[in-house]
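Student: Before we start, here is the structure in question, set down as structure tokens.
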There are 2 protein chains.
Amino acid sequence: MKFVGVDIGGMSVKVGIVDENGTILVKRTATCHPERPDSEIVAEIAALIGDVISEAGVRKRDLAGIGVGCPGSVYDEKGIVRYSCNINFRNTPLAAGIADLVGIGHVKLSNDANCAALGETLFGAGKGAKNSVMVTLGTGVGTGIVVDGRLLTGNRSAGAEGGHMQIDIGGRECGCGKKGHYEAYASATALIAETEEACRKYPESLLAHTAKQCGVDGKTAFAVAKCGCPVAQKVVKKYIKYVGMGLVSFANIFYPEVIIVGGGISNEGDALIKPLQRYVSRGVYGAEYNPKIKVVAASLKNDAGIVGAAALCM
Amino acid sequence: MKFVGVDIGGMSVKVGIVDENGTILVKRTATCHPERPDSEIVAEIAALIGDVISEAGVRKRDLAGIGVGCPGSVYDEKGIVRYSCNINFRNTPLAAGIADLVGIGHVKLSNDANCAALGETLFGAGKGAKNSVMVTLGTGVGTGIVVDGRLLTGNRSAGAEGGHMQIDIGGRECGCGKKGHYEAYASATALIAETEEACRKYPESLLAHTAKQCGVDGKTAFAVAKCGCPVAQKVVKKYIKYVGMGLVSFANIFYPEVIIVGGGISNEGDALIKPLQRYVSRGVYGAEYNPKIKVVAASLKNDAGIVGAAALCM
């Protein structure tokens with residue numbers, strides 16, 4: 001059996017044909033025009049799906065369904081995108097639109113972070129786990145949670161917003177306007193802000209010199225830390241501590257077999273994952289009586305969204 | 001069909017015969033002797049179960065099973081209590097022991113907070129909800145979580161320890177030895193400590209005078225606040241803010257239909273629940289697009305444990 005997986009982002013839409021083992025057979029990416037009227041965006045996505053199906057030479061009746069992952073507030077059961085910060089969706093009946101235009105009735109929709117978590121848990125870094133938490137460190141912090149083999153979505157799919165878990169009383173302002181949320185400490189955005197702050201404070205540091213020459217992104221502090229710069233090392237250490245704090249909370253709440261770290265920052269590999277593993281192993285409640293929770297980097301990378309979206313139909 | 005529900009506590013053991021509607025038909029409480037060898041405690045509990053079955057005049061073959069709730073680290077699937085702070089259980093095969101001694105094979109075991117949450121969700125304050133979080137404000141903070149109608153227990157039942165969610169970086173020390181955990185702010189223990197602190201700071205306040213005369217417990221600050229004492233009002237306000245912060249985090253993670261507040265402090269009723277409802281309604285992410293999460297006080301009170309334990313077998 002084959003499935004279509006669609007991963008919608010603010011900048012691009014990715015569509016793939018996926019088999020029951022989570023292998024992507026054909027894949028295409030197109031630019032998203034997120035500011036257009038929503039019906040045009042839906043039509044564009046549907047056309048891309050049609051193209052990929054043709055290119056793969058698959059008959060529509062051999063496709064078990066289309067799964068779609070979309071950022072923002074998604075109402076899974078109704079197939080509606082309530083709103084999306086970066087895409088002009090407002091109560092958009094995305095699943096029905098795609099079903100109509102493509103001519104395949106079985107279309108399932110979920111939040112993009114949920115899809116990535118499902119993909120990684122079933123076919124990627126969490127393979128074999130029944131319980132997992134995936135934390136995506138990007139512009140914000142996304143969480144996707146699998147409990148006993150099923151996606152946790154909450155009432156009307158409004159849950160799994162772990163980026164807005166409180167980790168500090170009256171702390172940094174979060175993108176949502178509230179204070180002290182995990183996202184304000186653990187996102188790539190937060191790391192960049194901390195890196196810039198350190199550059200201002202220590203203008204003679206290697207970190208500041210590098211930033212002046214190459215600019216700052218989520219990789220800067222990690223890269224300069226590897227060169228021995230103590231200012232960069234401090235930034236990285238503090239950032240990892242914050243990320244670790246949230247992981248320990250998720251570990252205490254869910255006690256999953258595995259915590260999967262995704263998003264751009266997860267490319268730092270061992271420099272990130274090893275200390276996070278230590279935080280979780282030391283910090284989780286009842287560690288001495290319970291099995292170790294593995295902390296791993298996402299392995300499907302940019303394909304997790306496609307594979308996980310397809311898995312919504314499996 | 002009828003069920004046996006057993007609620008084990010550090011001070012007492014409660015056993016009830018429960019019907020499929022969650023009604024307790026017969027109930028008995030006995031003193032627990034938690035310092036004895038574990039086999040003796042198990043025998044004592046089994047004897048009490050036998051007595052209650054006899055008293056109810058129920059035939060063993062008409063009982064669908066025995067459900068047991070126990071504080072501490074419980075391995076549900078294996079029916080083992082790994083350890084319990086207040087009771088001398090260490091890897092004690094509690095389910096098998098009870099099954100042998102009572103002569104009923106179907107015995108299920110879970111953590112006491114989980115049982116209370118299941119009881120309240122199915123038959124109490126959360127009736128009708130598919131997703132709920134129950135937060136028990138007692139000596140510590142217990143959490144019991146129902147996702148899509150099923151108890152969230154995590155890998156080897158080690159999860160649902162939401163009392164050890166981080167809410168403040170480097171904050172107050174928790175009973176578990178780590179810093180900044182929810183329990184260190186939202187437990188009755190924390191409220192009592194804050195009350196005592198306020199009394200020391202404002203020895204001329206009504207709160208301090210009352211404390212001197214009557215001592216301090218979890219009710220003191222709430223009671224004196226009602227008499228208009230600004231010191232007590234401040235203690236209560238701060239405590240409710242902390243409790244609310246954690247509830248908002250749970251709301252963001254789970255987006256349940258209902259959050260149930262239990263434990264001794266929940267007896268404060270509207271003085272506690274109304275402001276908590278405001279915190280959750282204002283604080284939850286995406287509140288403008290999503291249904292309201294109801295915050296309610298537990299309604300089964302001391303019976304939640306028995307009813308929820310029985311519900312493990314339903």
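Labels for the structure tokens follow display order: chains A, B, ..., residues from 1 in each chain, ligands from 1.
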Listing only residues of chain B within 7 Å of chain A, what is the closest atom pair and its distance in Å (to one decimal) for each, using only C-alpha atoms, sorted by chain and residue number ascending, as JSON lines?

Tutor:
```
{"residue": "B:Asn131", "atom": "CA", "partner": "A:Gly154", "partner_atom": "CA", "distance": 6.7}
{"residue": "B:Gly154", "atom": "CA", "partner": "A:Tyr255", "partner_atom": "CA", "distance": 4.8}
{"residue": "B:Asn155", "atom": "CA", "partner": "A:Pro256", "partner_atom": "CA", "distance": 5.4}
{"residue": "B:Ala158", "atom": "CA", "partner": "A:Tyr255", "partner_atom": "CA", "distance": 5.7}
{"residue": "B:Gly159", "atom": "CA", "partner": "A:Tyr255", "partner_atom": "CA", "distance": 4.4}
{"residue": "B:Ala160", "atom": "CA", "partner": "A:Ile253", "partner_atom": "CA", "distance": 4.5}
{"residue": "B:Glu161", "atom": "CA", "partner": "A:Asn252", "partner_atom": "CA", "distance": 5.1}
{"residue": "B:Gly162", "atom": "CA", "partner": "A:Ile253", "partner_atom": "CA", "distance": 5.0}
{"residue": "B:His164", "atom": "CA", "partner": "A:Asn252", "partner_atom": "CA", "distance": 6.4}
{"residue": "B:Met165", "atom": "CA", "partner": "A:Ser249", "partner_atom": "CA", "distance": 4.5}
{"residue": "B:Gln166", "atom": "CA", "partner": "A:Ile167", "partner_atom": "CA", "distance": 5.5}
{"residue": "B:Ile167", "atom": "CA", "partner": "A:Ile167", "partner_atom": "CA", "distance": 4.3}
{"residue": "B:Asp168", "atom": "CA", "partner": "A:Asp168", "partner_atom": "CA", "distance": 4.0}
{"residue": "B:Ile169", "atom": "CA", "partner": "A:Asp168", "partner_atom": "CA", "distance": 5.3}
{"residue": "B:Met245", "atom": "CA", "partner": "A:Gln166", "partner_atom": "CA", "distance": 6.9}
{"residue": "B:Ser249", "atom": "CA", "partner": "A:Met165", "partner_atom": "CA", "distance": 4.5}
{"residue": "B:Asn252", "atom": "CA", "partner": "A:Glu161", "partner_atom": "CA", "distance": 5.1}
{"residue": "B:Ile253", "atom": "CA", "partner": "A:Ala160", "partner_atom": "CA", "distance": 4.5}
{"residue": "B:Phe254", "atom": "CA", "partner": "A:Gly159", "partner_atom": "CA", "distance": 4.7}
{"residue": "B:Tyr255", "atom": "CA", "partner": "A:Gly159", "partner_atom": "CA", "distance": 4.4}
{"residue": "B:Pro256", "atom": "CA", "partner": "A:Asn155", "partner_atom": "CA", "distance": 5.4}
{"residue": "B:Glu257", "atom": "CA", "partner": "A:Asn155", "partner_atom": "CA", "distance": 6.1}
{"residue": "B:Asn290", "atom": "CA", "partner": "A:Ala158", "partner_atom": "CA", "distance": 6.8}
```

Student: Which residues are near A:Asp303? Cut-off 9 Å, only C-alpha atoms, ignore same chain within fewer than 6 positions. Put them as a PyMOL selection string.

Tutor: chain A and resi 7+14+16+24+116+119

Student: Near A:Leu207, counting only C-alpha atoms, which residues have an atom at most 8 Å away, once you skip same-chain residues fewer than 4 positions from it, shown as a list of chain:residue names?

Tutor: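 Residues meeting the cut-off are A:Cys199, A:Ala211, A:Thr220, A:Ala221, A:Val224, A:Cys229, A:Val231, A:Ala232.
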
Student: Using C-alpha atoms, can you write the selected residues to a file as a compact mmCIF listing (two decimals), in the first residue's frame?

Tutor:
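Writing done, so here's again38.txt:
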```
# COMPACT_ATOMS: atom_id res chain seq x y z
CA CYS A 199 28.76 39.36 21.67
CA ALA A 211 29.62 37.16 14.59
CA THR A 220 27.32 30.18 15.61
CA ALA A 221 27.72 29.59 19.34
CA VAL A 224 32.81 28.85 18.08
CA CYS A 229 36.03 30.26 23.02
CA VAL A 231 32.20 32.98 25.91
CA ALA A 232 30.63 30.74 23.28
```

Student: Where in stretch 8-125 of chain A does DSSP assign alpha helix (DSSP H), given as JSON, numbers by chain?

Tutor: {"A": [38, 39, 40, 41, 42, 43, 44, 45, 46, 47, 48, 49, 50, 51, 52, 53, 54, 55, 56, 94, 95, 96, 97, 98, 99, 100, 101, 102, 112, 113, 114, 115, 116, 117, 118, 119, 120, 121, 122, 123]}

Student: If you count only C-alpha atoms, which residues fall within 9 Å of stretch 50-65 of chain A, apart from same-chain ones fewer than 6 positions away, as an mmCIF file with N, CA and C atoms, in the first residue's frame?

Tutor:
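Here's the written file result_20.cif:
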```
data_model
loop_
_atom_site.group_PDB
_atom_site.id
_atom_site.type_symbol
_atom_site.label_atom_id
_atom_site.label_comp_id
_atom_site.auth_asym_id
_atom_site.auth_seq_id
_atom_site.Cartn_x
_atom_site.Cartn_y
_atom_site.Cartn_z
ATOM 1 N N MET A 1 0.834 -1.203 0.000
ATOM 2 C CA MET A 1 0.000 0.000 0.000
ATOM 3 C C MET A 1 0.871 1.256 0.000
ATOM 4 N N LYS A 2 0.353 2.291 -0.664
ATOM 5 C CA LYS A 2 1.115 3.549 -0.696
ATOM 6 C C LYS A 2 0.267 4.695 -0.155
ATOM 7 N N PHE A 3 0.957 5.732 0.287
ATOM 8 C CA PHE A 3 0.318 6.867 0.943
ATOM 9 C C PHE A 3 0.948 8.159 0.416
ATOM 10 N N VAL A 4 0.180 9.237 0.467
ATOM 11 C CA VAL A 4 0.744 10.542 0.136
ATOM 12 C C VAL A 4 0.998 11.285 1.449
ATOM 13 N N GLY A 5 2.188 11.844 1.590
ATOM 14 C CA GLY A 5 2.502 12.676 2.746
ATOM 15 C C GLY A 5 2.768 14.098 2.283
ATOM 16 N N VAL A 15 5.825 17.281 -0.899
ATOM 17 C CA VAL A 15 4.875 16.182 -1.106
ATOM 18 C C VAL A 15 5.674 14.930 -1.453
ATOM 19 N N GLY A 16 5.319 13.806 -0.849
ATOM 20 C CA GLY A 16 6.002 12.556 -1.161
ATOM 21 C C GLY A 16 5.029 11.397 -1.248
ATOM 22 N N ILE A 17 5.418 10.374 -1.999
ATOM 23 C CA ILE A 17 4.703 9.097 -1.988
ATOM 24 C C ILE A 17 5.490 8.183 -1.060
ATOM 25 N N LEU A 25 9.175 7.214 -1.815
ATOM 26 C CA LEU A 25 9.463 6.704 -3.160
ATOM 27 C C LEU A 25 9.704 7.851 -4.142
ATOM 28 N N VAL A 26 8.887 8.866 -4.048
ATOM 29 C CA VAL A 26 9.040 10.054 -4.908
ATOM 30 C C VAL A 26 8.784 11.265 -4.024
ATOM 31 N N LYS A 27 9.485 12.360 -4.280
ATOM 32 C CA LYS A 27 9.322 13.549 -3.435
ATOM 33 C C LYS A 27 9.472 14.805 -4.281
ATOM 34 N N ARG A 28 8.650 15.779 -4.025
ATOM 35 C CA ARG A 28 8.851 17.076 -4.692
ATOM 36 C C ARG A 28 8.584 18.227 -3.732
ATOM 37 N N LEU A 101 -10.221 18.389 -4.780
ATOM 38 C CA LEU A 101 -9.403 18.768 -5.932
ATOM 39 C C LEU A 101 -8.547 17.611 -6.451
ATOM 40 N N VAL A 102 -8.058 16.772 -5.533
ATOM 41 C CA VAL A 102 -7.213 15.646 -5.963
ATOM 42 C C VAL A 102 -8.076 14.457 -6.375
ATOM 43 N N GLY A 103 -9.257 14.337 -5.750
ATOM 44 C CA GLY A 103 -10.109 13.199 -6.070
ATOM 45 C C GLY A 103 -9.779 11.959 -5.272
ATOM 46 N N ILE A 104 -9.251 12.163 -4.077
ATOM 47 C CA ILE A 104 -9.013 11.048 -3.146
ATOM 48 C C ILE A 104 -9.726 11.416 -1.840
ATOM 49 N N GLY A 105 -10.638 10.548 -1.390
ATOM 50 C CA GLY A 105 -11.515 10.917 -0.280
ATOM 51 C C GLY A 105 -10.856 10.899 1.084
ATOM 52 N N HIS A 106 -9.904 9.980 1.268
ATOM 53 C CA HIS A 106 -9.350 9.768 2.609
ATOM 54 C C HIS A 106 -8.175 10.729 2.845
ATOM 55 N N VAL A 107 -8.490 11.914 3.398
ATOM 56 C CA VAL A 107 -7.451 12.908 3.682
ATOM 57 C C VAL A 107 -7.445 13.197 5.187
ATOM 58 N N LYS A 108 -6.278 13.041 5.811
ATOM 59 C CA LYS A 108 -6.156 13.283 7.255
ATOM 60 C C LYS A 108 -5.204 14.457 7.487
ATOM 61 N N ALA A 310 2.114 11.038 6.099
ATOM 62 C CA ALA A 310 1.629 9.809 5.453
ATOM 63 C C ALA A 310 1.157 8.809 6.502
ATOM 64 N N LEU A 312 -0.311 9.297 9.197
ATOM 65 C CA LEU A 312 -1.656 9.599 9.710
ATOM 66 C C LEU A 312 -2.691 8.675 9.079
ATOM 67 N N CYS A 313 -2.395 8.212 7.864
ATOM 68 C CA CYS A 313 -3.349 7.350 7.135
ATOM 69 C C CYS A 313 -3.062 5.868 7.312
ATOM 70 N N MET A 314 -1.992 5.539 8.034
ATOM 71 C CA MET A 314 -1.617 4.117 8.126
ATOM 72 C C MET A 314 -2.444 3.393 9.180
#
```

Student: Determine, counting only C-alpha atoms, which protein, DNA and RNA residues have an atom within 12 Å of an atom of B:Gln233; residues of the same chain fewer than 4 positions away are not included. Present the result as a ChimeraX atom specification.

Tutor: /B:194-195,198,205-207,220-229,237-240,271-272
